[in-house]
Amino acid sequence: MAVPFADLQLQYQNIKSEIDAAVAGVIRDNAFIRGRYVDAFERDFATATSVKHCVSCANGTDALYLAMAALKVKPGDEIITTAHSWISTSAMITHAGATVKFCDTDGVTFTIDPKAIETAITPRTVGIIPVHLYGQPADMDAIMAIAHKHGLWVIEDGAQAHLARYKGRMVGTFGVATTYSFYPGKNLGAMGDAGAVVTNDDALAERMTMLARHGGLVKHQHQIEGINSRLDGMQAAILSAKLPHLADWTRARQDAAAFYDAALKQVEDVEVPQAAAGRAHVYHLYTIRHCRRDALAKHLGAKGIQTAINYPTALPLLPAYRRFEHTAEQFPHACADQGSILSLPMFAEITRAQQEEVVRAIREF
Ligand SMILES: *Cc1c(COP(=O)(O)O)cnc(C)c1O
């Protein structure tokens with residue numbers, strides 16, 4: 001039996017009538033750009049994630065840019081982020097005009113090591129962007145303590161962590177702003193590109209809204225120079241239709257992860273992902289470590305089991321960052337992980353039979 005990495009078609013079939021009605025409504029109302037579907041999703045998502053404001057935008061990458069631009073990041077500013085993430089996090093630091101300072105991960109959770117943050121702080125540091133990678137919250141108590149001590153802001157990159165919790169508290173409520181992606185494969189996914197940035201800060205919310213809409217809240221009244229980063233009505237309506245299912249989907253991912261954990265823990269050479277105490281992981285990805293990762297991936301692939309490597313190269317070692325002349329020794333955990341990580345099929349609708357097939361094939365290897 002072939003096992004896909006994710007199955008967006010199945011998710012659609014399960015809620016087809018709700019999605020089709022949402023799309024039909026937008027077309028009927030001509031509500032393609034902004035309008036009531038966008039307003040409604042912003043309200044619903046703010047409520048679902050326990051924050052005051054949700055500023056929707058075109059994608060999770062823009063969300064990062066909007067947050068930093070609204071915080072008035074400027075050339076010479078240094079911003080600290082993790083060596084292990086999707087490139088949006090670090091690229092937007094550069095595009096916002098600042099300098100990226102990478103930190104290693106903690107060696108266990110795949111999230112940024114707070115001890116490395118302390119070492120990376122200089123008089124030019126203005127902020128920290130932890131990423132709740134794979135759906136596991138970063139160590140927010142330690143990170144917020146460092147931020148307060150040094151007078152730095154924190155933006156949480158929550159692109160992979162919708163509804164994840166740290167010590168019972170929703171991610172996205174720690175930093176000054178938190179960014180989300182609704183890329184189709186994310187835990188809450190649109191049927192195209194979509195994103196948002198949430199905050200409890202009224203002034204920041206207004207500035208991010210202006211920046212996303214050509215620099216003004218009223219047509220032709222451009223207070224600042226902004227960009228065009230809008231969530232379209234179709235995606236907003238689709239996201240609103242999916243949002244009521246997100247808590248159930250999250251539990252299903254957590255159940256599937258618990259099944260993998262129990263079945264794979266005893267298998268030689270397999271290191272299952274570890275959720276640190278107090279961190280409610282939402283398993284956007286279920287990523288194991290294996291010393292013969294490439295051979296294992298090939299074996300699974302031959303059986304029709306799709307896997308992925310998230311991500312094959314630690315950020316500091318990408319050609320895009322050659323200018324920094326970083327070495328693997330500077331980021332020992334992130335760079336060791338790039339050779340051993342493997343993400344297994346994980347989605348809310350995955351069946352036990354599919355998971356058993358994955359486990360059987362790994363045992364066989
Ligand atoms: C997906 C993702 C983004 C970017 O989101 P897009 O909607 O694809 O632009 C940013 N950061 C992380 C950690 C992501 O996984």
# chains A, B, ... in the order shown; residues from 1 in each chain; ligands from 1
>>> select_by_dssp(residues="segment 96-187 of chain A", states="strand (DSSP E)", output="list in words")
Thr99, Val100, Lys101, Phe102, Cys103, Thr125, Val126, Gly127, Ile128, Ile129, Trp153, Val154, Ile155, Glu156, Asp157, Arg165, Tyr166, Arg169, Met170, Ala177, Thr178, Thr179, Tyr180 and Ser181 of chain A
>>> write_last_selection(atoms="N, CA, C and O atoms", output="mmCIF file, in the first residue's frame")
data_model
loop_
_atom_site.group_PDB
_atom_site.id
_atom_site.type_symbol
_atom_site.label_atom_id
_atom_site.label_comp_id
_atom_site.auth_asym_id
_atom_site.auth_seq_id
_atom_site.Cartn_x
_atom_site.Cartn_y
_atom_site.Cartn_z
ATOM 1 N N THR A 99 20.264 42.698 9.639
ATOM 2 C CA THR A 99 21.265 41.648 9.445
ATOM 3 C C THR A 99 20.868 40.405 10.243
ATOM 4 O O THR A 99 20.519 40.503 11.418
ATOM 5 N N VAL A 100 20.931 39.248 9.567
ATOM 6 C CA VAL A 100 20.568 37.987 10.216
ATOM 7 C C VAL A 100 21.703 37.473 11.077
ATOM 8 O O VAL A 100 22.852 37.418 10.626
ATOM 9 N N LYS A 101 21.382 37.074 12.315
ATOM 10 C CA LYS A 101 22.354 36.380 13.168
ATOM 11 C C LYS A 101 21.773 35.013 13.503
ATOM 12 O O LYS A 101 20.736 34.925 14.167
ATOM 13 N N PHE A 102 22.430 33.974 12.997
ATOM 14 C CA PHE A 102 21.911 32.622 13.210
ATOM 15 C C PHE A 102 22.378 32.040 14.543
ATOM 16 O O PHE A 102 23.504 32.281 14.978
ATOM 17 N N CYS A 103 21.486 31.238 15.164
ATOM 18 C CA CYS A 103 21.833 30.501 16.374
ATOM 19 C C CYS A 103 21.565 29.021 16.153
ATOM 20 O O CYS A 103 20.631 28.657 15.435
ATOM 21 N N THR A 125 21.755 44.258 18.495
ATOM 22 C CA THR A 125 20.621 43.341 18.425
ATOM 23 C C THR A 125 19.321 44.067 18.794
ATOM 24 O O THR A 125 19.278 44.783 19.799
ATOM 25 N N VAL A 126 18.277 43.888 17.965
ATOM 26 C CA VAL A 126 16.982 44.517 18.276
ATOM 27 C C VAL A 126 15.879 43.496 18.554
ATOM 28 O O VAL A 126 14.888 43.820 19.210
ATOM 29 N N GLY A 127 16.028 42.280 18.021
ATOM 30 C CA GLY A 127 14.941 41.321 18.192
ATOM 31 C C GLY A 127 15.358 39.875 17.979
ATOM 32 O O GLY A 127 16.467 39.595 17.533
ATOM 33 N N ILE A 128 14.434 38.992 18.352
ATOM 34 C CA ILE A 128 14.645 37.544 18.239
ATOM 35 C C ILE A 128 13.429 36.950 17.523
ATOM 36 O O ILE A 128 12.293 37.294 17.850
ATOM 37 N N ILE A 129 13.686 36.066 16.557
ATOM 38 C CA ILE A 129 12.569 35.362 15.903
ATOM 39 C C ILE A 129 12.726 33.859 16.118
ATOM 40 O O ILE A 129 13.400 33.172 15.340
ATOM 41 N N TRP A 153 12.633 42.886 21.149
ATOM 42 C CA TRP A 153 11.303 42.357 20.815
ATOM 43 C C TRP A 153 11.435 40.905 20.363
ATOM 44 O O TRP A 153 12.522 40.458 19.965
ATOM 45 N N VAL A 154 10.312 40.190 20.420
ATOM 46 C CA VAL A 154 10.254 38.808 19.920
ATOM 47 C C VAL A 154 9.103 38.696 18.932
ATOM 48 O O VAL A 154 7.987 39.133 19.222
ATOM 49 N N ILE A 155 9.387 38.171 17.748
ATOM 50 C CA ILE A 155 8.335 37.786 16.798
ATOM 51 C C ILE A 155 8.359 36.271 16.734
ATOM 52 O O ILE A 155 9.408 35.674 16.474
ATOM 53 N N GLU A 156 7.229 35.636 17.002
ATOM 54 C CA GLU A 156 7.168 34.180 16.897
ATOM 55 C C GLU A 156 6.827 33.802 15.453
ATOM 56 O O GLU A 156 5.864 34.329 14.899
ATOM 57 N N ASP A 157 7.583 32.903 14.858
ATOM 58 C CA ASP A 157 7.220 32.350 13.557
ATOM 59 C C ASP A 157 6.385 31.106 13.833
ATOM 60 O O ASP A 157 6.913 30.045 14.169
ATOM 61 N N ARG A 165 0.716 24.817 22.084
ATOM 62 C CA ARG A 165 0.726 25.496 23.384
ATOM 63 C C ARG A 165 2.042 25.266 24.103
ATOM 64 O O ARG A 165 2.652 24.197 23.984
ATOM 65 N N TYR A 166 2.444 26.301 24.844
ATOM 66 C CA TYR A 166 3.644 26.226 25.680
ATOM 67 C C TYR A 166 3.189 26.424 27.113
ATOM 68 O O TYR A 166 2.651 27.475 27.453
ATOM 69 N N ARG A 169 -0.234 27.738 27.496
ATOM 70 C CA ARG A 169 -0.556 29.020 26.873
ATOM 71 C C ARG A 169 -0.339 28.934 25.363
ATOM 72 O O ARG A 169 0.658 28.378 24.904
ATOM 73 N N MET A 170 -1.289 29.475 24.611
ATOM 74 C CA MET A 170 -1.249 29.412 23.150
ATOM 75 C C MET A 170 0.009 30.079 22.602
ATOM 76 O O MET A 170 0.360 31.181 23.042
ATOM 77 N N ALA A 177 4.462 40.069 18.141
ATOM 78 C CA ALA A 177 3.656 39.664 16.983
ATOM 79 C C ALA A 177 4.006 38.219 16.636
ATOM 80 O O ALA A 177 5.102 37.748 16.963
ATOM 81 N N THR A 178 3.074 37.541 16.001
ATOM 82 C CA THR A 178 3.306 36.144 15.589
ATOM 83 C C THR A 178 2.806 35.962 14.170
ATOM 84 O O THR A 178 1.717 36.426 13.819
ATOM 85 N N THR A 179 3.617 35.301 13.361
ATOM 86 C CA THR A 179 3.273 35.150 11.951
ATOM 87 C C THR A 179 2.795 33.738 11.671
ATOM 88 O O THR A 179 3.273 32.770 12.260
ATOM 89 N N TYR A 180 1.827 33.651 10.764
ATOM 90 C CA TYR A 180 1.276 32.357 10.366
ATOM 91 C C TYR A 180 1.288 32.227 8.853
ATOM 92 O O TYR A 180 1.104 33.208 8.136
ATOM 93 N N SER A 181 1.472 31.018 8.391
ATOM 94 C CA SER A 181 1.303 30.689 6.980
ATOM 95 C C SER A 181 0.086 29.781 6.855
ATOM 96 O O SER A 181 -0.138 28.923 7.701
#
>>> residues_near_ligand(ligand="ligand 1", cutoff="7 Å", atoms="only C-alpha atoms and all ligand atoms", output="mmCIF file with C-alpha atoms, in the first residue's frame")
data_model
loop_
_atom_site.group_PDB
_atom_site.id
_atom_site.type_symbol
_atom_site.label_atom_id
_atom_site.label_comp_id
_atom_site.auth_asym_id
_atom_site.auth_seq_id
_atom_site.Cartn_x
_atom_site.Cartn_y
_atom_site.Cartn_z
ATOM 1 C CA ASN A 59 1.434 34.491 2.680
ATOM 2 C CA GLY A 60 3.510 33.626 5.729
ATOM 3 C CA THR A 61 6.638 35.150 4.235
ATOM 4 C CA ASP A 62 4.999 38.564 3.842
ATOM 5 C CA SER A 85 14.014 26.709 9.518
ATOM 6 C CA TRP A 86 12.452 27.427 6.169
ATOM 7 C CA SER A 88 11.475 32.803 4.809
ATOM 8 C CA THR A 89 12.433 33.502 8.402
ATOM 9 C CA VAL A 131 10.427 29.346 15.050
ATOM 10 C CA LEU A 133 9.539 24.233 14.117
ATOM 11 C CA ASP A 157 7.220 32.350 13.557
ATOM 12 C CA GLY A 158 4.123 30.191 14.024
ATOM 13 C CA ALA A 159 3.865 29.039 10.391
ATOM 14 C CA GLN A 160 4.021 25.384 11.454
ATOM 15 C CA SER A 181 1.303 30.689 6.980
ATOM 16 C CA PHE A 182 -1.788 29.081 5.475
ATOM 17 C CA TYR A 183 0.141 27.462 2.631
ATOM 18 C CA ASP A 193 -1.214 31.217 -0.768
ATOM 19 C CA ALA A 194 -2.372 32.935 2.425
ATOM 20 C CA GLY A 195 -0.912 34.252 5.661
#
>>> closest_residue(among="A:Asp44, A:Asp139, A:Glu118, A:Glu356", to="Leu243 of chain A", atoms="only C-alpha atoms")
A:Asp44
>>> closest_residue(among="A:Val359, A:Tyr65, A:Ala348, A:Leu8", to="Ala262 of chain A", atoms="only C-alpha atoms")
A:Val359
>>> closest_residue(among="A:Gln9, A:Asn187, A:Thr81, A:Ser56", to="Met208 of chain A", atoms="only C-alpha atoms")
A:Ser56
>>> residues_around(residues="Ile224 of chain A", least_positions_apart="2", cutoff="12 Å", atoms="only C-alpha atoms", output="list of chain:residue names")
A:Ala69, A:Ala70, A:Lys72, A:Glu206, A:Arg207, A:Met208, A:Thr209, A:Met210, A:Leu211, A:Ala212, A:Arg213, A:His214, A:Gly215, A:Gly216, A:Leu217, A:Val218, A:His220, A:Gln221, A:His222, A:Gly226, A:Ile227
>>> write_last_selection(atoms="all heavy atoms", output="compact mmCIF listing (two decimals), in the first residue's frame")
# COMPACT_ATOMS: atom_id res chain seq x y z
N ALA A 69 8.80 45.29 9.36
CA ALA A 69 8.70 46.65 8.80
C ALA A 69 7.91 47.54 9.77
O ALA A 69 8.26 48.70 9.98
CB ALA A 69 8.03 46.61 7.43
N ALA A 70 6.86 46.98 10.37
CA ALA A 70 6.05 47.77 11.31
C ALA A 70 6.84 48.10 12.57
O ALA A 70 6.59 49.13 13.21
CB ALA A 70 4.78 47.01 11.66
N LYS A 72 9.80 48.92 12.46
CA LYS A 72 10.78 49.90 11.96
C LYS A 72 12.22 49.41 12.07
O LYS A 72 13.12 50.14 12.52
CB LYS A 72 10.57 51.25 12.65
CG LYS A 72 9.17 51.78 12.41
CD LYS A 72 8.97 53.17 12.97
CE LYS A 72 7.52 53.60 12.72
NZ LYS A 72 7.10 54.76 13.47
N GLU A 206 -2.36 48.31 13.46
CA GLU A 206 -2.75 49.32 12.48
C GLU A 206 -1.63 49.56 11.46
O GLU A 206 -1.87 49.65 10.26
CB GLU A 206 -3.12 50.63 13.17
CG GLU A 206 -3.63 51.66 12.17
CD GLU A 206 -4.13 52.93 12.84
OE1 GLU A 206 -5.24 52.88 13.38
OE2 GLU A 206 -3.41 53.93 12.82
N ARG A 207 -0.38 49.60 11.96
CA ARG A 207 0.74 49.84 11.06
C ARG A 207 0.95 48.66 10.10
O ARG A 207 1.22 48.84 8.91
CB ARG A 207 2.01 50.10 11.88
CG ARG A 207 3.10 50.73 11.06
CD ARG A 207 4.22 51.28 11.89
NE ARG A 207 5.30 51.67 11.00
CZ ARG A 207 5.37 52.83 10.36
NH1 ARG A 207 4.44 53.74 10.54
NH2 ARG A 207 6.36 53.09 9.53
N MET A 208 0.78 47.45 10.60
CA MET A 208 0.93 46.28 9.72
C MET A 208 -0.18 46.25 8.68
O MET A 208 0.06 45.91 7.52
CB MET A 208 0.93 44.98 10.56
CG MET A 208 2.16 44.88 11.47
SD MET A 208 2.39 43.27 12.25
CE MET A 208 0.93 43.11 13.25
N THR A 209 -1.38 46.65 9.08
CA THR A 209 -2.51 46.69 8.13
C THR A 209 -2.22 47.70 7.03
O THR A 209 -2.42 47.43 5.85
CB THR A 209 -3.81 47.07 8.87
OG1 THR A 209 -4.00 46.18 9.97
CG2 THR A 209 -5.02 46.99 7.95
N MET A 210 -1.72 48.88 7.42
CA MET A 210 -1.39 49.90 6.42
C MET A 210 -0.30 49.39 5.47
O MET A 210 -0.41 49.53 4.26
CB MET A 210 -0.90 51.18 7.11
CG MET A 210 -2.01 51.99 7.72
SD MET A 210 -1.54 53.71 7.97
CE MET A 210 -0.42 53.59 9.31
N LEU A 211 0.74 48.81 6.05
CA LEU A 211 1.86 48.33 5.23
C LEU A 211 1.39 47.30 4.20
O LEU A 211 1.87 47.26 3.07
CB LEU A 211 2.94 47.71 6.12
CG LEU A 211 3.86 48.70 6.83
CD1 LEU A 211 4.62 48.01 7.95
CD2 LEU A 211 4.84 49.33 5.83
N ALA A 212 0.43 46.46 4.60
CA ALA A 212 -0.05 45.39 3.70
C ALA A 212 -0.97 45.94 2.62
O ALA A 212 -1.25 45.27 1.63
CB ALA A 212 -0.77 44.32 4.52
N ARG A 213 -1.48 47.16 2.83
CA ARG A 213 -2.44 47.74 1.88
C ARG A 213 -1.94 49.04 1.31
O ARG A 213 -2.58 50.09 1.46
CB ARG A 213 -3.78 48.00 2.59
CG ARG A 213 -4.43 46.78 3.18
CD ARG A 213 -5.80 47.17 3.67
NE ARG A 213 -6.20 46.41 4.82
CZ ARG A 213 -7.24 46.72 5.58
NH1 ARG A 213 -7.93 47.80 5.33
NH2 ARG A 213 -7.56 45.96 6.60
N HIS A 214 -0.78 49.00 0.70
CA HIS A 214 -0.23 50.18 0.02
C HIS A 214 -0.07 51.39 0.95
O HIS A 214 -0.11 52.53 0.51
CB HIS A 214 -1.12 50.58 -1.17
CG HIS A 214 -1.21 49.52 -2.23
ND1 HIS A 214 -0.14 49.15 -3.00
CD2 HIS A 214 -2.25 48.75 -2.64
CE1 HIS A 214 -0.51 48.20 -3.85
NE2 HIS A 214 -1.79 47.93 -3.64
N GLY A 215 0.09 51.11 2.24
CA GLY A 215 0.43 52.21 3.15
C GLY A 215 -0.71 53.06 3.65
O GLY A 215 -0.48 54.14 4.20
N GLY A 216 -1.94 52.61 3.48
CA GLY A 216 -3.06 53.41 3.98
C GLY A 216 -4.27 52.55 4.34
O GLY A 216 -4.42 51.45 3.83
N LEU A 217 -5.09 53.07 5.22
CA LEU A 217 -6.31 52.34 5.59
C LEU A 217 -7.50 52.79 4.74
O LEU A 217 -8.48 52.09 4.61
CB LEU A 217 -6.63 52.58 7.08
CG LEU A 217 -5.55 52.11 8.07
CD1 LEU A 217 -5.96 52.47 9.49
CD2 LEU A 217 -5.31 50.61 7.93
N VAL A 218 -7.37 53.99 4.17
CA VAL A 218 -8.43 54.54 3.32
C VAL A 218 -7.86 54.71 1.91
O VAL A 218 -6.73 55.17 1.74
CB VAL A 218 -8.90 55.92 3.87
CG1 VAL A 218 -10.01 56.51 2.99
CG2 VAL A 218 -9.35 55.79 5.32
N HIS A 220 -6.51 55.80 -1.48
CA HIS A 220 -5.85 57.03 -1.94
C HIS A 220 -5.24 57.87 -0.82
O HIS A 220 -4.70 58.94 -1.09
CB HIS A 220 -6.80 57.91 -2.78
CG HIS A 220 -7.34 57.17 -3.98
ND1 HIS A 220 -6.53 56.53 -4.88
CD2 HIS A 220 -8.62 56.95 -4.40
CE1 HIS A 220 -7.28 55.95 -5.81
NE2 HIS A 220 -8.54 56.18 -5.53
N GLN A 221 -5.34 57.41 0.43
CA GLN A 221 -4.68 58.16 1.51
C GLN A 221 -3.50 57.35 2.03
O GLN A 221 -3.61 56.63 3.02
CB GLN A 221 -5.68 58.48 2.61
CG GLN A 221 -6.77 59.44 2.12
CD GLN A 221 -7.76 59.83 3.20
OE1 GLN A 221 -7.45 59.75 4.39
NE2 GLN A 221 -8.93 60.25 2.78
N HIS A 222 -2.39 57.45 1.31
CA HIS A 222 -1.20 56.65 1.64
C HIS A 222 -0.39 57.37 2.70
O HIS A 222 0.29 58.35 2.41
CB HIS A 222 -0.36 56.41 0.38
CG HIS A 222 -1.19 55.89 -0.77
ND1 HIS A 222 -1.61 54.59 -0.84
CD2 HIS A 222 -1.69 56.51 -1.86
CE1 HIS A 222 -2.33 54.42 -1.93
NE2 HIS A 222 -2.41 55.57 -2.57
N GLY A 226 3.71 51.34 1.46
CA GLY A 226 3.49 49.94 1.84
C GLY A 226 3.73 49.00 0.68
O GLY A 226 4.40 49.34 -0.30
N ILE A 227 3.22 47.80 0.80
CA ILE A 227 3.26 46.82 -0.28
C ILE A 227 1.84 46.33 -0.53
O ILE A 227 0.91 46.71 0.19
CB ILE A 227 4.19 45.61 0.06
CG1 ILE A 227 3.70 44.87 1.30
CG2 ILE A 227 5.63 46.08 0.22
CD1 ILE A 227 4.44 43.57 1.57
>>> closest_residue(among="A:Phe32, A:Phe331, A:Phe45, A:Phe5", to="Thr199 of chain A", atoms="only C-alpha atoms")
A:Phe45
>>> residues_around(residues="Asp261 of chain A", least_positions_apart="3", cutoff="10 Å", atoms="only C-alpha atoms", output="VMD selection string")
chain A and resid 255 to 258 264 to 266 271 to 274 286 288
>>> select_by_dssp(residues="segment 261-305 of chain A", states="alpha helix (DSSP H)", output="list in words")
Asp261, Ala262, Ala263, Leu264, Arg293, Asp294, Ala295, Leu296, Ala297, Lys298, His299, Leu300, Gly301 and Ala302 of chain A
>>> atom_distance(atom1="atom CA of Lys298 of chain A", atom2="atom CA of Val108 of chain A")
25.0 Å
>>> residues_around(residues="Ala48 of chain A", least_positions_apart="5", cutoff="10 Å", atoms="only C-alpha atoms", output="number ranges by chain")
A: 42-43, 162-163, 170, 243-244, 246-247
>>> residues_around(residues="Leu239 of chain A", least_positions_apart="4", cutoff="8 Å", atoms="only C-alpha atoms", output="NGL selection string")
:A and (41 or 188-190 or 235 or 243)
>>> closest_residue(among="A:Asp201, A:Glu357, A:Asp232, A:Asp7", to="Cys57 of chain A", atoms="only C-alpha atoms")
A:Asp232
>>> residues_around(residues="Gly35 of chain A", least_positions_apart="4", cutoff="10 Å", atoms="only C-alpha atoms", output="ChimeraX atom specification")
/A:26,29-31,39-40,232-233,236
